[in-house]
Amino acid sequence: MTEPQTPFYLIDRAKLQANMDRMVRLRERSGAKTLLALKCFATWGVFDQMSQSMDGTTSSSLNELRLGREKFGGETHAYSVAWADHEIDEAVTYADKIIFNSLGQLDRFGDRAQGIARGLRLNPRFSTSGFDLADPARKFSRLGEWDMARLEQALDRITGVMIHYNCENRDFDLFSGQLDRIEAEFGTFLEKLKWVSLGGGIHFTGEGYPLDDLADRLKAFSDRFGVQVYLEPGEASITGTTTLELTVLDILNNGKEVAVVDSSIEAHMLDLLIYRENAKLPQDGDHEYQIAGKSCLAGDIFGDARFPQPLRVGDRISVQDAAGYTMVKKNWFNGVAMPAICIRELDGTITTVRSFGYDDYRDSLS
């Protein structure tokens, strides 16, 4: 079998199904519904598989909302930090629920969304995020309402709230404790609603995560307040499913061994550069190399890796866990070749579902 030309993202359906099986188990035991967070992963070539195990999608923009409706189906939740006047009427045609970020947006557009369920984003003023850049509860955060008096004023116009406060939270006890706090601080408000979304960022498909404990905790929350619980998994849906396949183009020594590959972290794994994190590279062997991208950015570095044998030009390298916040952020910096999007089918064959060429680069500009 001839594999595609690198670089390419490779989604493994068998690994994806393992996550989906855990998704189904959580849904069945807890009664919670799960919506794919398109801001993290929107590669619709595998939506046929994911939609069998999830209830729908949640969005952050009009484009994501429409994609969810057209390509995934199921429930379609519409959220945006701020809807524009020219967007709202179209958004309502795609959505089952629309969640407004502020009372100001609800005041402005609520009447134009009367035909569907309306909600607000509730900011609990705490989170699990370790990065100020991504902390929804940071000082002066614009993400949601928190004043109870103001929230109470909206009860006759909304049926639910979205509370997003987790970020790659692998600690069930921390999640449960924070949910205790939400119950204590907002319980009298929540019991007047029909649904509550607890957002994403719960790493329940991770190895060793106590899935049944999470399911039981969610069910207890749902029963206590009489609400339908939603989760919005992004990373949890696709963790461990995808690699970015690269080829070594050059090897040099500038005081340490450096392997230059046919990809760019700024163009193809931008989230890692933003948060100053290393890619998940091989770490088996005595031969250490810095893996560097081919763009002109001096800091275009994937990280350090180790191999059993010395690298040679033409060798392949697989970067693990390369689905979340990658394909949705890829760009044409330096005109570096955009990775194809490929799928390893259940029978082991590899299908190229999208490739990119010069015309795509040219047409992305003026």
# chains A, B, ... in the order shown; residues from 1 in each chain; ligands from 1
$ select_by_dssp --residues "segment 57-185 of chain A" --states "helix (DSSP H, G or I)" --output "MDAnalysis selection string"
chainID A and resid 62:72 88:94 103:113 132:134 148:152 172:185
$ write_last_selection --atoms "N, CA and C atoms" --output "compact mmCIF listing (two decimals), in the first residue's frame"
# COMPACT_ATOMS: atom_id res chain seq x y z
N LEU A 62 -21.11 31.35 13.22
CA LEU A 62 -22.13 30.99 12.24
C LEU A 62 -21.64 29.88 11.32
N ASN A 63 -20.38 29.94 10.90
CA ASN A 63 -19.86 28.90 10.01
C ASN A 63 -19.85 27.54 10.68
N GLU A 64 -19.39 27.47 11.94
CA GLU A 64 -19.40 26.19 12.64
C GLU A 64 -20.83 25.68 12.82
N LEU A 65 -21.72 26.58 13.14
CA LEU A 65 -23.12 26.22 13.33
C LEU A 65 -23.69 25.57 12.08
N ARG A 66 -23.46 26.20 10.95
CA ARG A 66 -23.98 25.65 9.69
C ARG A 66 -23.34 24.31 9.36
N LEU A 67 -22.04 24.18 9.61
CA LEU A 67 -21.35 22.91 9.35
C LEU A 67 -21.96 21.80 10.20
N GLY A 68 -22.20 22.10 11.47
CA GLY A 68 -22.79 21.10 12.35
C GLY A 68 -24.15 20.64 11.87
N ARG A 69 -24.97 21.57 11.44
CA ARG A 69 -26.30 21.23 10.93
C ARG A 69 -26.21 20.40 9.66
N GLU A 70 -25.34 20.82 8.72
CA GLU A 70 -25.30 20.16 7.42
C GLU A 70 -24.56 18.84 7.43
N LYS A 71 -23.50 18.71 8.24
CA LYS A 71 -22.63 17.54 8.14
C LYS A 71 -22.74 16.56 9.30
N PHE A 72 -23.23 17.00 10.47
CA PHE A 72 -23.29 16.12 11.62
C PHE A 72 -24.73 15.73 11.94
N ILE A 88 -27.80 36.84 12.86
CA ILE A 88 -28.70 36.19 13.80
C ILE A 88 -29.86 35.46 13.12
N ASP A 89 -30.44 36.03 12.09
CA ASP A 89 -31.59 35.38 11.45
C ASP A 89 -31.18 34.07 10.79
N GLU A 90 -30.02 34.05 10.16
CA GLU A 90 -29.53 32.81 9.55
C GLU A 90 -29.20 31.79 10.63
N ALA A 91 -28.56 32.24 11.71
CA ALA A 91 -28.19 31.32 12.80
C ALA A 91 -29.41 30.59 13.34
N VAL A 92 -30.49 31.30 13.52
CA VAL A 92 -31.70 30.69 14.08
C VAL A 92 -32.24 29.59 13.18
N THR A 93 -32.03 29.70 11.87
CA THR A 93 -32.54 28.66 10.97
C THR A 93 -31.78 27.35 11.10
N TYR A 94 -30.55 27.38 11.61
CA TYR A 94 -29.75 26.17 11.75
C TYR A 94 -29.84 25.56 13.15
N LEU A 103 -26.44 39.32 28.68
CA LEU A 103 -27.81 39.82 28.71
C LEU A 103 -28.04 40.87 27.63
N GLY A 104 -26.97 41.62 27.31
CA GLY A 104 -27.09 42.59 26.23
C GLY A 104 -27.44 41.94 24.91
N GLN A 105 -26.80 40.80 24.60
CA GLN A 105 -27.12 40.08 23.37
C GLN A 105 -28.51 39.47 23.43
N LEU A 106 -28.89 38.95 24.60
CA LEU A 106 -30.25 38.42 24.75
C LEU A 106 -31.28 39.52 24.56
N ASP A 107 -31.03 40.68 25.12
CA ASP A 107 -31.95 41.81 24.96
C ASP A 107 -32.09 42.19 23.49
N ARG A 108 -30.96 42.18 22.79
CA ARG A 108 -30.96 42.65 21.40
C ARG A 108 -31.59 41.64 20.44
N PHE A 109 -31.29 40.34 20.65
CA PHE A 109 -31.66 39.35 19.65
C PHE A 109 -32.66 38.30 20.14
N GLY A 110 -33.03 38.35 21.40
CA GLY A 110 -33.90 37.31 21.93
C GLY A 110 -35.20 37.15 21.18
N ASP A 111 -35.82 38.26 20.82
CA ASP A 111 -37.10 38.18 20.11
C ASP A 111 -36.95 37.54 18.74
N ARG A 112 -35.79 37.71 18.12
CA ARG A 112 -35.57 37.12 16.79
C ARG A 112 -35.24 35.64 16.88
N ALA A 113 -35.13 35.12 18.10
CA ALA A 113 -34.85 33.69 18.30
C ALA A 113 -35.98 33.01 19.07
N ASP A 132 -3.66 31.66 31.58
CA ASP A 132 -4.48 32.88 31.62
C ASP A 132 -5.11 33.16 30.26
N LEU A 133 -4.38 32.84 29.19
CA LEU A 133 -4.87 33.07 27.84
C LEU A 133 -6.20 32.36 27.60
N ALA A 134 -6.37 31.18 28.19
CA ALA A 134 -7.55 30.37 27.93
C ALA A 134 -8.51 30.31 29.11
N MET A 148 -26.23 37.15 40.02
CA MET A 148 -27.49 36.43 40.16
C MET A 148 -28.71 37.31 39.94
N ALA A 149 -28.67 38.54 40.40
CA ALA A 149 -29.81 39.43 40.21
C ALA A 149 -30.09 39.65 38.73
N ARG A 150 -29.02 39.81 37.96
CA ARG A 150 -29.19 40.00 36.51
C ARG A 150 -29.67 38.71 35.85
N LEU A 151 -29.16 37.58 36.29
CA LEU A 151 -29.58 36.30 35.72
C LEU A 151 -31.05 36.03 36.00
N GLU A 152 -31.49 36.35 37.19
CA GLU A 152 -32.89 36.12 37.55
C GLU A 152 -33.82 36.91 36.63
N PHE A 172 -11.08 13.81 38.37
CA PHE A 172 -12.51 13.71 38.64
C PHE A 172 -12.89 14.38 39.97
N ASP A 173 -12.08 14.20 40.99
CA ASP A 173 -12.40 14.79 42.28
C ASP A 173 -12.46 16.31 42.19
N LEU A 174 -11.56 16.90 41.40
CA LEU A 174 -11.59 18.35 41.19
C LEU A 174 -12.88 18.75 40.48
N PHE A 175 -13.23 18.00 39.44
CA PHE A 175 -14.48 18.30 38.73
C PHE A 175 -15.68 18.21 39.67
N SER A 176 -15.74 17.15 40.44
CA SER A 176 -16.87 16.95 41.33
C SER A 176 -16.95 18.05 42.39
N GLY A 177 -15.80 18.43 42.94
CA GLY A 177 -15.77 19.49 43.93
C GLY A 177 -16.23 20.83 43.37
N GLN A 178 -15.84 21.10 42.13
CA GLN A 178 -16.27 22.36 41.52
C GLN A 178 -17.76 22.33 41.18
N LEU A 179 -18.26 21.15 40.84
CA LEU A 179 -19.70 21.04 40.60
C LEU A 179 -20.48 21.24 41.90
N ASP A 180 -19.90 20.77 43.01
CA ASP A 180 -20.49 21.06 44.32
C ASP A 180 -20.64 22.56 44.51
N ARG A 181 -19.61 23.29 44.13
CA ARG A 181 -19.62 24.74 44.30
C ARG A 181 -20.67 25.39 43.42
N ILE A 182 -20.81 24.91 42.19
CA ILE A 182 -21.85 25.43 41.31
C ILE A 182 -23.23 25.17 41.89
N GLU A 183 -23.42 23.98 42.43
CA GLU A 183 -24.71 23.65 43.04
C GLU A 183 -25.02 24.59 44.21
N ALA A 184 -24.00 24.86 45.02
CA ALA A 184 -24.21 25.70 46.20
C ALA A 184 -24.48 27.15 45.83
N GLU A 185 -23.75 27.68 44.84
CA GLU A 185 -23.85 29.10 44.52
C GLU A 185 -24.99 29.42 43.56
$ residues_around --residues "Arg157 of chain A" --least-positions-apart "2" --cutoff "9 Å" --atoms "only C-alpha atoms" --output "list of chain:residue names"
A:Leu106, A:Gly110, A:Gln114, A:Arg118, A:Gly119, A:Gln153, A:Ala154, A:Leu155, A:Thr159
$ write_last_selection --atoms "N, CA and C atoms" --output "mmCIF file, in the first residue's frame"
data_model
loop_
_atom_site.group_PDB
_atom_site.id
_atom_site.type_symbol
_atom_site.label_atom_id
_atom_site.label_comp_id
_atom_site.auth_asym_id
_atom_site.auth_seq_id
_atom_site.Cartn_x
_atom_site.Cartn_y
_atom_site.Cartn_z
ATOM 1 N N LEU A 106 -28.890 38.952 24.596
ATOM 2 C CA LEU A 106 -30.247 38.419 24.751
ATOM 3 C C LEU A 106 -31.279 39.520 24.556
ATOM 4 N N GLY A 110 -33.034 38.349 21.403
ATOM 5 C CA GLY A 110 -33.902 37.309 21.932
ATOM 6 C C GLY A 110 -35.200 37.153 21.183
ATOM 7 N N GLN A 114 -37.162 33.564 19.019
ATOM 8 C CA GLN A 114 -38.265 33.020 19.803
ATOM 9 C C GLN A 114 -38.684 31.629 19.360
ATOM 10 N N ARG A 118 -33.766 29.224 24.025
ATOM 11 C CA ARG A 118 -32.759 30.252 24.257
ATOM 12 C C ARG A 118 -32.093 30.027 25.611
ATOM 13 N N GLY A 119 -30.808 30.347 25.669
ATOM 14 C CA GLY A 119 -30.068 30.207 26.909
ATOM 15 C C GLY A 119 -29.043 31.306 27.066
ATOM 16 N N GLN A 153 -33.377 38.072 36.174
ATOM 17 C CA GLN A 153 -34.199 38.899 35.301
ATOM 18 C C GLN A 153 -34.458 38.236 33.939
ATOM 19 N N ALA A 154 -33.632 37.260 33.601
ATOM 20 C CA ALA A 154 -33.739 36.630 32.285
ATOM 21 C C ALA A 154 -34.547 35.341 32.309
ATOM 22 N N LEU A 155 -35.018 34.917 33.467
ATOM 23 C CA LEU A 155 -35.654 33.603 33.583
ATOM 24 C C LEU A 155 -36.876 33.432 32.688
ATOM 25 N N THR A 159 -34.368 29.022 28.818
ATOM 26 C CA THR A 159 -34.715 27.719 29.392
ATOM 27 C C THR A 159 -33.488 26.981 29.917
#
$ residues_around --residues "Ile274 of chain A" --least-positions-apart "3" --cutoff "12 Å" --atoms "only C-alpha atoms" --output "count of residues only"
17
$ residues_around --residues "Arg170 of chain A" --least-positions-apart "3" --cutoff "12 Å" --atoms "only C-alpha atoms" --output "VMD selection string"
chain A and resid 128 to 129 166 to 167 173 to 176 200 to 211 214 235 to 236
$ closest_residue --among "A:Glu28, A:Ile341, A:Glu257, A:Gly240" --to "Gly303 of chain A" --atoms "only C-alpha atoms"
A:Glu257
$ select_by_dssp --residues "segment 65-291 of chain A" --states "strand (DSSP E or B)" --output "PyMOL selection string"
chain A and resi 75-80+97-100+117-122+145+160-162+169+195-197+202+228-231+242-253+257-261+280+283+287-291
$ closest_residue --among "A:Pro233, A:Val248, A:Val261, A:Asp315" --to "Glu168 of chain A" --atoms "only C-alpha atoms"
A:Pro233
$ closest_residue --among "A:Gln17, A:Thr349, A:Gln309, A:Ser51" --to "Thr241 of chain A" --atoms "only C-alpha atoms"
A:Gln17
$ residues_around --residues "Phe140 of chain A" --least-positions-apart "6" --cutoff "12 Å" --atoms "only C-alpha atoms" --output "MDAnalysis selection string"
chainID A and resid 123 125 132 146
$ write_last_selection --atoms "C-alpha atoms" --output "short mmCIF file (atom, residue, chain, number, x, y, z; two decimals), in the first residue's frame"
data_model
loop_
_atom_site.label_atom_id
_atom_site.label_comp_id
_atom_site.auth_asym_id
_atom_site.auth_seq_id
_atom_site.Cartn_x
_atom_site.Cartn_y
_atom_site.Cartn_z
CA ASN A 123 -19.58 32.34 34.25
CA ARG A 125 -15.84 32.87 38.15
CA ASP A 132 -4.48 32.88 31.62
CA TRP A 146 -22.43 35.79 36.82
#
$ atom_distance --atom1 "atom CA of Val258 of chain A" --atom2 "atom CA of Phe302 of chain A"
10.9 Å
$ atom_distance --atom1 "atom CA of Phe100 of chain A" --atom2 "atom CA of Ala84 of chain A"
11.7 Å
$ atom_distance --atom1 "atom CA of Asp12 of chain A" --atom2 "atom CA of Leu231 of chain A"
23.6 Å
$ residues_around --residues "Asp286 of chain A" --least-positions-apart "5" --cutoff "8 Å" --atoms "only C-alpha atoms" --output "mmCIF file with N, CA and C atoms, in the first residue's frame"
data_model
loop_
_atom_site.group_PDB
_atom_site.id
_atom_site.type_symbol
_atom_site.label_atom_id
_atom_site.label_comp_id
_atom_site.auth_asym_id
_atom_site.auth_seq_id
_atom_site.Cartn_x
_atom_site.Cartn_y
_atom_site.Cartn_z
ATOM 1 N N ARG A 306 13.646 11.261 20.771
ATOM 2 C CA ARG A 306 14.691 10.247 20.868
ATOM 3 C C ARG A 306 14.312 9.059 19.994
ATOM 4 N N PHE A 307 15.336 8.461 19.359
ATOM 5 C CA PHE A 307 15.113 7.363 18.429
ATOM 6 C C PHE A 307 16.121 6.242 18.681
ATOM 7 N N PRO A 308 15.756 4.999 18.365
ATOM 8 C CA PRO A 308 16.682 3.872 18.565
ATOM 9 C C PRO A 308 17.899 3.936 17.657
ATOM 10 N N GLN A 309 17.740 4.522 16.458
ATOM 11 C CA GLN A 309 18.818 4.614 15.483
ATOM 12 C C GLN A 309 18.986 6.064 15.040
#
